[in-house]
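Content type compact mmCIF, C-alpha atoms, from the file upload-v3.txt:
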# COMPACT_ATOMS: atom_id res chain seq x y z
CA MET C 106 -59.31 -118.44 -42.48
CA THR C 107 -58.85 -116.83 -45.88
CA THR C 108 -55.95 -117.65 -48.18
CA LEU C 109 -55.27 -115.31 -51.10
CA LEU C 110 -53.13 -116.01 -54.15
CA LEU C 111 -51.28 -112.87 -55.26
CA ASP C 112 -49.86 -112.34 -58.72
CA ALA C 113 -46.58 -110.53 -59.40
CA SER C 114 -48.32 -107.19 -59.93
CA VAL C 115 -49.52 -107.10 -56.31
CA LEU C 116 -46.06 -107.96 -54.97
CA LEU C 117 -44.57 -105.19 -57.11
CA ALA C 118 -47.27 -102.66 -56.19
CA ALA C 119 -46.57 -103.31 -52.52
CA ALA C 120 -42.91 -102.44 -53.13
CA ASP C 121 -43.63 -99.28 -55.15
CA PRO C 122 -44.71 -96.45 -52.83
CA LYS C 123 -45.85 -94.36 -55.81
CA GLY C 124 -47.95 -97.17 -57.27
CA ASN C 125 -51.73 -96.81 -57.64
CA HIS C 126 -52.42 -100.03 -55.71
CA HIS C 127 -49.59 -99.65 -53.21
CA GLY C 128 -51.57 -99.21 -49.98
CA PRO C 129 -54.03 -102.09 -50.37
CA SER C 130 -51.32 -104.41 -51.76
CA ARG C 131 -49.04 -103.74 -48.84
CA ALA C 132 -51.92 -104.09 -46.39
CA ILE C 133 -52.61 -107.63 -47.66
CA LEU C 134 -49.00 -108.70 -47.19
CA GLU C 135 -48.91 -107.21 -43.68
CA ASP C 136 -52.26 -108.67 -42.60
CA ASP C 137 -51.69 -111.44 -40.06
CA LYS C 138 -55.32 -112.60 -40.26
CA ILE C 139 -55.00 -114.06 -43.74
CA ALA C 140 -52.62 -116.53 -45.38
CA VAL C 141 -50.95 -115.48 -48.61
CA ALA C 142 -49.69 -117.57 -51.52
CA THR C 143 -48.29 -116.98 -55.00
CA LEU C 144 -47.11 -118.87 -58.10
CA ASP C 145 -43.45 -119.72 -58.80
CA LEU C 146 -43.70 -117.65 -61.99
CA ALA C 147 -43.80 -114.57 -59.76
CA ARG C 148 -40.10 -115.00 -58.95
CA TYR C 149 -39.16 -114.41 -62.59
CA GLU C 150 -41.67 -111.63 -63.06
CA VAL C 151 -40.75 -109.50 -60.05
CA VAL C 152 -37.03 -109.75 -60.78
CA ASN C 153 -37.62 -109.01 -64.45
CA VAL C 154 -39.54 -105.83 -63.59
CA ALA C 155 -36.98 -104.77 -60.97
CA VAL C 156 -34.08 -105.18 -63.40
CA ARG C 157 -35.56 -104.43 -66.83
CA GLY C 158 -38.51 -102.20 -65.96
CA TRP C 159 -37.54 -100.26 -62.85
CA ARG C 160 -33.77 -100.35 -63.46
CA ALA C 161 -33.47 -101.15 -59.77
CA PRO C 162 -31.58 -104.45 -59.55
CA ALA C 163 -31.00 -103.85 -55.84
CA LEU C 164 -34.70 -104.58 -55.33
CA ALA C 165 -34.40 -108.13 -56.65
CA GLY C 166 -33.21 -109.39 -53.26
CA PRO C 167 -36.02 -107.90 -51.15
CA LEU C 168 -38.65 -108.94 -53.70
CA LEU C 169 -37.41 -112.53 -53.74
CA ALA C 170 -37.30 -112.50 -49.95
CA VAL C 171 -40.97 -111.47 -49.95
CA ILE C 172 -41.77 -114.55 -52.05
CA ASP C 173 -39.64 -116.78 -49.83
CA ARG C 174 -41.72 -115.66 -46.86
CA LEU C 175 -44.88 -116.59 -48.75
CA ALA C 176 -43.41 -120.05 -49.31
CA ASP C 177 -43.49 -120.44 -45.52
CA ASP C 178 -47.05 -119.11 -45.30
CA GLY C 179 -49.70 -119.86 -47.93
CA GLY C 180 -47.12 -121.40 -50.24
CA VAL C 181 -45.57 -120.91 -53.67
CA VAL C 182 -47.51 -123.00 -56.20
CA THR C 183 -45.41 -124.90 -58.75
CA SER C 184 -46.18 -124.39 -62.44
CA ALA C 185 -46.53 -128.09 -63.15
CA GLY C 186 -47.71 -129.48 -66.48
CA SER C 187 -51.28 -130.03 -65.30
CA LEU C 188 -51.54 -126.43 -64.12
CA LEU C 189 -50.25 -125.11 -67.43
CA SER C 190 -52.72 -127.32 -69.30
CA ASP C 191 -55.51 -125.71 -67.30
CA ALA C 192 -53.93 -122.31 -67.97
CA ALA C 193 -53.94 -122.99 -71.71
CA VAL C 194 -57.69 -123.65 -71.60
CA LEU C 195 -58.32 -120.47 -69.61
CA ALA C 196 -56.05 -118.43 -71.88
CA GLU C 197 -57.97 -119.56 -74.95
CA ALA C 198 -61.36 -119.03 -73.32
CA HIS C 199 -60.58 -115.50 -72.14
CA GLY C 200 -58.14 -114.31 -74.77
CA ILE C 201 -55.37 -113.72 -72.27
CA SER C 202 -51.74 -114.79 -72.04
CA VAL C 203 -50.82 -118.16 -70.55
CA TYR C 204 -48.77 -116.21 -67.98
CA ASP C 205 -51.89 -114.45 -66.66
CA ALA C 206 -53.96 -117.58 -67.04
CA ALA C 207 -51.45 -119.58 -64.98
CA TYR C 208 -52.22 -117.46 -61.92
CA ALA C 209 -55.95 -117.88 -62.51
CA ALA C 210 -55.57 -121.64 -62.94
CA ALA C 211 -53.47 -121.91 -59.79
CA ALA C 212 -56.11 -120.04 -57.80
CA GLN C 213 -59.02 -122.03 -59.23
CA THR C 214 -57.30 -125.38 -58.65
CA ALA C 215 -56.56 -124.57 -55.03
CA GLY C 216 -59.90 -122.86 -54.41
CA LEU C 217 -58.23 -119.54 -53.59
CA GLU C 218 -59.13 -115.97 -54.45
CA LEU C 219 -56.71 -114.46 -56.98
CA VAL C 220 -55.66 -110.87 -56.31
CA SER C 221 -54.16 -108.78 -59.10
CA CYS C 222 -53.67 -105.18 -60.21
CA ASP C 223 -54.37 -106.29 -63.79
CA GLU C 224 -57.75 -104.74 -64.47
CA ARG C 225 -57.67 -105.29 -68.23
CA ASP C 226 -56.99 -109.03 -68.44
CA LEU C 227 -57.86 -110.52 -65.04
CA VAL C 228 -60.15 -108.30 -62.95
CA SER C 229 -62.45 -107.24 -65.81
CA LYS C 230 -62.95 -110.89 -66.77
CA GLY C 231 -63.90 -111.92 -63.25
CA LEU C 232 -60.74 -113.96 -62.77
CA ALA C 233 -59.23 -111.81 -60.01
CA SER C 234 -60.01 -109.09 -57.48
CA LEU C 235 -58.21 -105.80 -57.07
CA PRO C 236 -56.21 -105.52 -53.82
CA ALA C 237 -58.61 -102.89 -52.51
CA ASN C 238 -61.62 -105.14 -53.09
CA VAL C 239 -60.44 -108.20 -51.20
CA GLY C 240 -62.54 -109.58 -48.40
CA MET P 169 -48.87 -139.65 -35.10
CA PRO P 170 -46.31 -141.17 -32.69
CA ASP P 171 -47.79 -142.72 -29.53
CA GLU P 172 -45.65 -140.54 -27.27
CA LEU P 173 -46.89 -137.36 -28.93
CA LEU P 174 -50.47 -138.57 -28.76
CA ALA P 175 -50.00 -139.31 -25.05
CA GLU P 176 -48.83 -135.73 -24.52
CA VAL P 177 -51.85 -134.41 -26.41
CA ASP P 178 -54.16 -136.56 -24.28
CA ALA P 179 -52.43 -135.35 -21.11
CA GLU P 180 -52.99 -131.76 -22.22
CA ALA P 181 -56.64 -132.53 -22.95
CA ARG P 182 -57.09 -133.97 -19.43
CA ARG P 183 -55.25 -131.03 -17.85
CA SER P 184 -57.41 -128.47 -19.63
CA GLY P 185 -60.65 -130.44 -19.34
CA SER P 186 -60.85 -130.59 -23.09
CA THR P 187 -60.80 -133.24 -25.81
CA ARG P 188 -58.02 -134.61 -28.02
CA SER P 189 -59.51 -133.05 -31.15
CA ALA P 190 -60.02 -129.70 -29.44
CA VAL P 191 -56.39 -129.66 -28.30
CA LEU P 192 -55.14 -130.58 -31.77
CA ARG P 193 -57.33 -127.88 -33.32
CA GLU P 194 -56.04 -125.31 -30.82
CA PHE P 195 -52.41 -126.24 -31.46
CA ALA P 196 -52.85 -126.15 -35.24
CA ASP P 197 -54.57 -122.78 -35.03
CA ALA P 198 -51.82 -121.37 -32.82
CA ALA P 199 -49.05 -122.67 -35.11
CA LEU P 200 -50.68 -121.22 -38.23
CA ARG P 201 -51.34 -117.92 -36.47
CA ARG P 202 -47.68 -117.66 -35.45
CA ARG P 203 -46.65 -118.37 -39.03
CA ARG P 204 -48.93 -115.64 -40.39
CA GLU P 205 -47.74 -113.18 -37.78
CA GLY P 206 -44.11 -113.96 -38.66
CA ARG P 207 -44.80 -113.37 -42.35
CA ALA P 208 -46.62 -110.10 -41.67
CA GLU P 209 -43.78 -108.84 -39.49
CA ALA P 210 -41.14 -109.83 -42.06
CA MET P 211 -43.13 -108.07 -44.79
CA ARG P 212 -43.03 -104.79 -42.92
CA GLY P 213 -39.23 -104.88 -42.89
CA LEU P 214 -38.85 -106.05 -46.48
CA LEU P 215 -41.34 -103.56 -47.90
CA ASP P 216 -39.81 -100.70 -45.91
CA GLU P 217 -36.48 -101.69 -47.43
CA ALA P 218 -38.00 -101.68 -50.92
CA ALA P 219 -39.80 -98.37 -50.35
CA ALA P 220 -36.50 -96.75 -49.37
CA GLU P 221 -35.49 -97.12 -53.03
CA GLY P 222 -38.24 -94.64 -53.95
CA GLY P 223 -41.17 -94.84 -56.36
CA HIS P 224 -41.15 -96.63 -59.68
CA GLY P 225 -44.04 -95.06 -61.55
CA GLY P 226 -46.82 -97.44 -60.57
CA ASP P 227 -48.82 -99.54 -63.04
CA ALA P 228 -47.26 -102.79 -61.89
CA ALA P 229 -49.51 -104.96 -64.07
CA GLU P 230 -48.39 -103.19 -67.26
CA GLN P 231 -44.76 -103.39 -66.13
CA VAL P 232 -45.10 -107.16 -65.72
CA LYS P 233 -46.58 -107.52 -69.21
CA ALA P 234 -43.99 -105.23 -70.77
CA THR P 235 -41.07 -107.26 -69.44
CA ARG P 236 -42.43 -110.70 -70.40
CA PRO P 237 -40.88 -112.48 -73.39
CA LYS P 238 -42.67 -111.56 -76.61
CA PRO P 239 -44.18 -114.39 -78.70

So, in terms of C-alpha cells, how does the structure I just supplied come out?
Amino acid sequence: MTTLLLDASVLLAAADPKGNHHGPSRAILEDDKIAVATLDLARYEVVNVAVRGWRAPALAGPLLAVIDRLADDGGVVTSAGSLLSDAAVLAEAHGISVYDAAYAAAAQTAGLELVSCDERDLVSKGLASLPANVG
Amino acid sequence: MPDELLAEVDAEARRSGSTRSAVLREFADAALRRRREGRAEAMRGLLDEAAAEGGHGGDAAEQVKATRPKP
C-alpha cells in the first residue's frame, strides 16, 4: 500500500477549485487506496496562505481539519531537530529553502514519495512528484 | 499482546481454517482500509466546504512561498 507525503501546496490546491493542480490534488486526498501524510509545518503554511494570501480566514478551519484527518491516516510528521538537520543539508545541496527541504527530508527519512505543486524548487530537482504524476 | 486477545485470534483462526498470522494480517488490513476510507470520505466534505468559498487564483506553491517569513 502506497503512502504519500503531501506538502502544503497540494493541500491548498485541493481547496482551490480554480487552481491548476486542483483535480489531481483533490483526487489524492479522496483516494481510499492510498495513505496520506504531511509535515507539521503544513499547518502554519495553509493557514498563512488562507489568511494572508487568499484573504479567506474562514478557510483556516477546513484546511486545518484536512490536516487533522491526515494525522489519523498516514500521519503528521514532526519537524524535530534531526529532520531539520537533514533539511539543512538538502537545502544547501539543492539551493532551496529549508522550508521546502523539510518536506523532502521528511519524505526521504520515512521512505515516502513527496507530492508537491512546486515545479521550480522540488519537482524539477527530482525531490517531489506533481499530483498528476503520482503512482 | 494480551493472552485473552491472542486466544480470540486463535479461535478466529480455527473457525476460519486459517492461521494466527493470516488472521492478524487480515484484521490489520481491514483496520487500515477503514481508516483510509474514513479519511477519504471526510475529505470530500471538507473540500466541498472549501470549494464553496470560490477560487483563489491557483498557483498554490507560489502562494506558500510568498507568505513565508522573509530571511

With all atoms of region 174-180 of chain C from the file as input, state the centre and edge lengths in Å to one decimal of the axis-aligned box that has 8 Å extra on each side, as JSON.
{"center_x": -45.7, "center_y": -118.5, "center_z": -47.8, "size_x": 24.0, "size_y": 21.7, "size_z": 20.9}

For this session: Point out the residue among P:Asp227, P:Val177, P:Leu200, P:Glu221 with the least atom-to-atom distance to Val141 (chain C), counting only C-alpha atoms.
Result: P:Leu200

Using only C-alpha atoms, which residues of chain C come within 9 Å of chain P, and what is the closest atom pair for each, with the distance in Å to one decimal? Give it as JSON lines, sorted by chain and residue number.
{"residue": "C:Ala113", "atom": "CA", "partner": "P:Val232", "partner_atom": "CA", "distance": 7.3}
{"residue": "C:Ser114", "atom": "CA", "partner": "P:Ala229", "partner_atom": "CA", "distance": 4.9}
{"residue": "C:Val115", "atom": "CA", "partner": "P:Ala228", "partner_atom": "CA", "distance": 7.4}
{"residue": "C:Leu116", "atom": "CA", "partner": "P:Ala228", "partner_atom": "CA", "distance": 8.7}
{"residue": "C:Leu117", "atom": "CA", "partner": "P:Ala228", "partner_atom": "CA", "distance": 6.0}
{"residue": "C:Ala118", "atom": "CA", "partner": "P:Ala228", "partner_atom": "CA", "distance": 5.7}
{"residue": "C:Ala119", "atom": "CA", "partner": "P:Leu215", "partner_atom": "CA", "distance": 7.0}
{"residue": "C:Ala120", "atom": "CA", "partner": "P:Ala218", "partner_atom": "CA", "distance": 5.4}
{"residue": "C:Asp121", "atom": "CA", "partner": "P:Gly223", "partner_atom": "CA", "distance": 5.2}
{"residue": "C:Pro122", "atom": "CA", "partner": "P:Gly223", "partner_atom": "CA", "distance": 5.3}
{"residue": "C:Lys123", "atom": "CA", "partner": "P:Gly223", "partner_atom": "CA", "distance": 4.7}
{"residue": "C:Gly124", "atom": "CA", "partner": "P:Gly226", "partner_atom": "CA", "distance": 3.5}
{"residue": "C:Asn125", "atom": "CA", "partner": "P:Gly226", "partner_atom": "CA", "distance": 5.8}
{"residue": "C:His126", "atom": "CA", "partner": "P:Gly226", "partner_atom": "CA", "distance": 7.9}
{"residue": "C:His127", "atom": "CA", "partner": "P:Gly226", "partner_atom": "CA", "distance": 8.2}
{"residue": "C:Arg131", "atom": "CA", "partner": "P:Leu215", "partner_atom": "CA", "distance": 7.8}
{"residue": "C:Ile133", "atom": "CA", "partner": "P:Ala208", "partner_atom": "CA", "distance": 8.8}
{"residue": "C:Leu134", "atom": "CA", "partner": "P:Ala208", "partner_atom": "CA", "distance": 6.2}
{"residue": "C:Glu135", "atom": "CA", "partner": "P:Ala208", "partner_atom": "CA", "distance": 4.2}
{"residue": "C:Asp136", "atom": "CA", "partner": "P:Ala208", "partner_atom": "CA", "distance": 5.9}
{"residue": "C:Asp137", "atom": "CA", "partner": "P:Glu205", "partner_atom": "CA", "distance": 4.9}
{"residue": "C:Lys138", "atom": "CA", "partner": "P:Arg204", "partner_atom": "CA", "distance": 7.1}
{"residue": "C:Ile139", "atom": "CA", "partner": "P:Arg204", "partner_atom": "CA", "distance": 7.1}
{"residue": "C:Ala140", "atom": "CA", "partner": "P:Arg204", "partner_atom": "CA", "distance": 6.3}
{"residue": "C:Val141", "atom": "CA", "partner": "P:Arg204", "partner_atom": "CA", "distance": 8.5}
{"residue": "C:Glu150", "atom": "CA", "partner": "P:Val232", "partner_atom": "CA", "distance": 6.2}
{"residue": "C:Val151", "atom": "CA", "partner": "P:Val232", "partner_atom": "CA", "distance": 7.5}
{"residue": "C:Asn153", "atom": "CA", "partner": "P:Thr235", "partner_atom": "CA", "distance": 6.3}
{"residue": "C:Val154", "atom": "CA", "partner": "P:Val232", "partner_atom": "CA", "distance": 6.1}
{"residue": "C:Arg157", "atom": "CA", "partner": "P:Thr235", "partner_atom": "CA", "distance": 6.7}
{"residue": "C:Gly158", "atom": "CA", "partner": "P:Gln231", "partner_atom": "CA", "distance": 6.4}
{"residue": "C:Trp159", "atom": "CA", "partner": "P:His224", "partner_atom": "CA", "distance": 6.0}
{"residue": "C:Ala161", "atom": "CA", "partner": "P:Glu221", "partner_atom": "CA", "distance": 8.1}
{"residue": "C:Ala163", "atom": "CA", "partner": "P:Glu221", "partner_atom": "CA", "distance": 8.6}
{"residue": "C:Leu164", "atom": "CA", "partner": "P:Ala218", "partner_atom": "CA", "distance": 6.2}
{"residue": "C:Pro167", "atom": "CA", "partner": "P:Leu214", "partner_atom": "CA", "distance": 5.8}
{"residue": "C:Leu168", "atom": "CA", "partner": "P:Leu214", "partner_atom": "CA", "distance": 7.8}
{"residue": "C:Ala170", "atom": "CA", "partner": "P:Leu214", "partner_atom": "CA", "distance": 7.5}
{"residue": "C:Val171", "atom": "CA", "partner": "P:Met211", "partner_atom": "CA", "distance": 6.5}
{"residue": "C:Arg174", "atom": "CA", "partner": "P:Arg207", "partner_atom": "CA", "distance": 5.9}
{"residue": "C:Leu175", "atom": "CA", "partner": "P:Arg207", "partner_atom": "CA", "distance": 7.2}
{"residue": "C:Asp177", "atom": "CA", "partner": "P:Arg203", "partner_atom": "CA", "distance": 7.5}
{"residue": "C:Asp178", "atom": "CA", "partner": "P:Arg204", "partner_atom": "CA", "distance": 6.3}
{"residue": "C:Gly179", "atom": "CA", "partner": "P:Arg204", "partner_atom": "CA", "distance": 8.7}
{"residue": "C:Tyr204", "atom": "CA", "partner": "P:Arg236", "partner_atom": "CA", "distance": 8.7}
{"residue": "C:Ser221", "atom": "CA", "partner": "P:Ala229", "partner_atom": "CA", "distance": 7.8}
{"residue": "C:Cys222", "atom": "CA", "partner": "P:Ala229", "partner_atom": "CA", "distance": 5.7}
{"residue": "C:Asp223", "atom": "CA", "partner": "P:Ala229", "partner_atom": "CA", "distance": 5.0}
{"residue": "C:Glu224", "atom": "CA", "partner": "P:Ala229", "partner_atom": "CA", "distance": 8.3}

Please write the residues from the selection above to a file, keeping C-alpha atoms, as an mmCIF file, keeping the file's coordinate frame.
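The resulting file, part-v1.cif, is reproduced below:
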data_model
loop_
_atom_site.group_PDB
_atom_site.id
_atom_site.type_symbol
_atom_site.label_atom_id
_atom_site.label_comp_id
_atom_site.auth_asym_id
_atom_site.auth_seq_id
_atom_site.Cartn_x
_atom_site.Cartn_y
_atom_site.Cartn_z
ATOM 1 C CA ALA C 113 -46.580 -110.530 -59.400
ATOM 2 C CA SER C 114 -48.320 -107.190 -59.930
ATOM 3 C CA VAL C 115 -49.520 -107.100 -56.310
ATOM 4 C CA LEU C 116 -46.060 -107.960 -54.970
ATOM 5 C CA LEU C 117 -44.570 -105.190 -57.110
ATOM 6 C CA ALA C 118 -47.270 -102.660 -56.190
ATOM 7 C CA ALA C 119 -46.570 -103.310 -52.520
ATOM 8 C CA ALA C 120 -42.910 -102.440 -53.130
ATOM 9 C CA ASP C 121 -43.630 -99.280 -55.150
ATOM 10 C CA PRO C 122 -44.710 -96.450 -52.830
ATOM 11 C CA LYS C 123 -45.850 -94.360 -55.810
ATOM 12 C CA GLY C 124 -47.950 -97.170 -57.270
ATOM 13 C CA ASN C 125 -51.730 -96.810 -57.640
ATOM 14 C CA HIS C 126 -52.420 -100.030 -55.710
ATOM 15 C CA HIS C 127 -49.590 -99.650 -53.210
ATOM 16 C CA ARG C 131 -49.040 -103.740 -48.840
ATOM 17 C CA ILE C 133 -52.610 -107.630 -47.660
ATOM 18 C CA LEU C 134 -49.000 -108.700 -47.190
ATOM 19 C CA GLU C 135 -48.910 -107.210 -43.680
ATOM 20 C CA ASP C 136 -52.260 -108.670 -42.600
ATOM 21 C CA ASP C 137 -51.690 -111.440 -40.060
ATOM 22 C CA LYS C 138 -55.320 -112.600 -40.260
ATOM 23 C CA ILE C 139 -55.000 -114.060 -43.740
ATOM 24 C CA ALA C 140 -52.620 -116.530 -45.380
ATOM 25 C CA VAL C 141 -50.950 -115.480 -48.610
ATOM 26 C CA GLU C 150 -41.670 -111.630 -63.060
ATOM 27 C CA VAL C 151 -40.750 -109.500 -60.050
ATOM 28 C CA ASN C 153 -37.620 -109.010 -64.450
ATOM 29 C CA VAL C 154 -39.540 -105.830 -63.590
ATOM 30 C CA ARG C 157 -35.560 -104.430 -66.830
ATOM 31 C CA GLY C 158 -38.510 -102.200 -65.960
ATOM 32 C CA TRP C 159 -37.540 -100.260 -62.850
ATOM 33 C CA ALA C 161 -33.470 -101.150 -59.770
ATOM 34 C CA ALA C 163 -31.000 -103.850 -55.840
ATOM 35 C CA LEU C 164 -34.700 -104.580 -55.330
ATOM 36 C CA PRO C 167 -36.020 -107.900 -51.150
ATOM 37 C CA LEU C 168 -38.650 -108.940 -53.700
ATOM 38 C CA ALA C 170 -37.300 -112.500 -49.950
ATOM 39 C CA VAL C 171 -40.970 -111.470 -49.950
ATOM 40 C CA ARG C 174 -41.720 -115.660 -46.860
ATOM 41 C CA LEU C 175 -44.880 -116.590 -48.750
ATOM 42 C CA ASP C 177 -43.490 -120.440 -45.520
ATOM 43 C CA ASP C 178 -47.050 -119.110 -45.300
ATOM 44 C CA GLY C 179 -49.700 -119.860 -47.930
ATOM 45 C CA TYR C 204 -48.770 -116.210 -67.980
ATOM 46 C CA SER C 221 -54.160 -108.780 -59.100
ATOM 47 C CA CYS C 222 -53.670 -105.180 -60.210
ATOM 48 C CA ASP C 223 -54.370 -106.290 -63.790
ATOM 49 C CA GLU C 224 -57.750 -104.740 -64.470
#

Problem set entry | Who sits within 12 Å of Ala215 (chain C), all atoms listed in the file, same chain under 6 positions skipped, as a PyMOL selection string | chain C and resi 108-110+142-144+179-183+188+208-209

Problem set entry | One-decimal distance in Å that lies between CA of Ala206 (chain C) and CA of Ala147 (chain C) |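 Here the two named atoms are 12.9 Å from each other.
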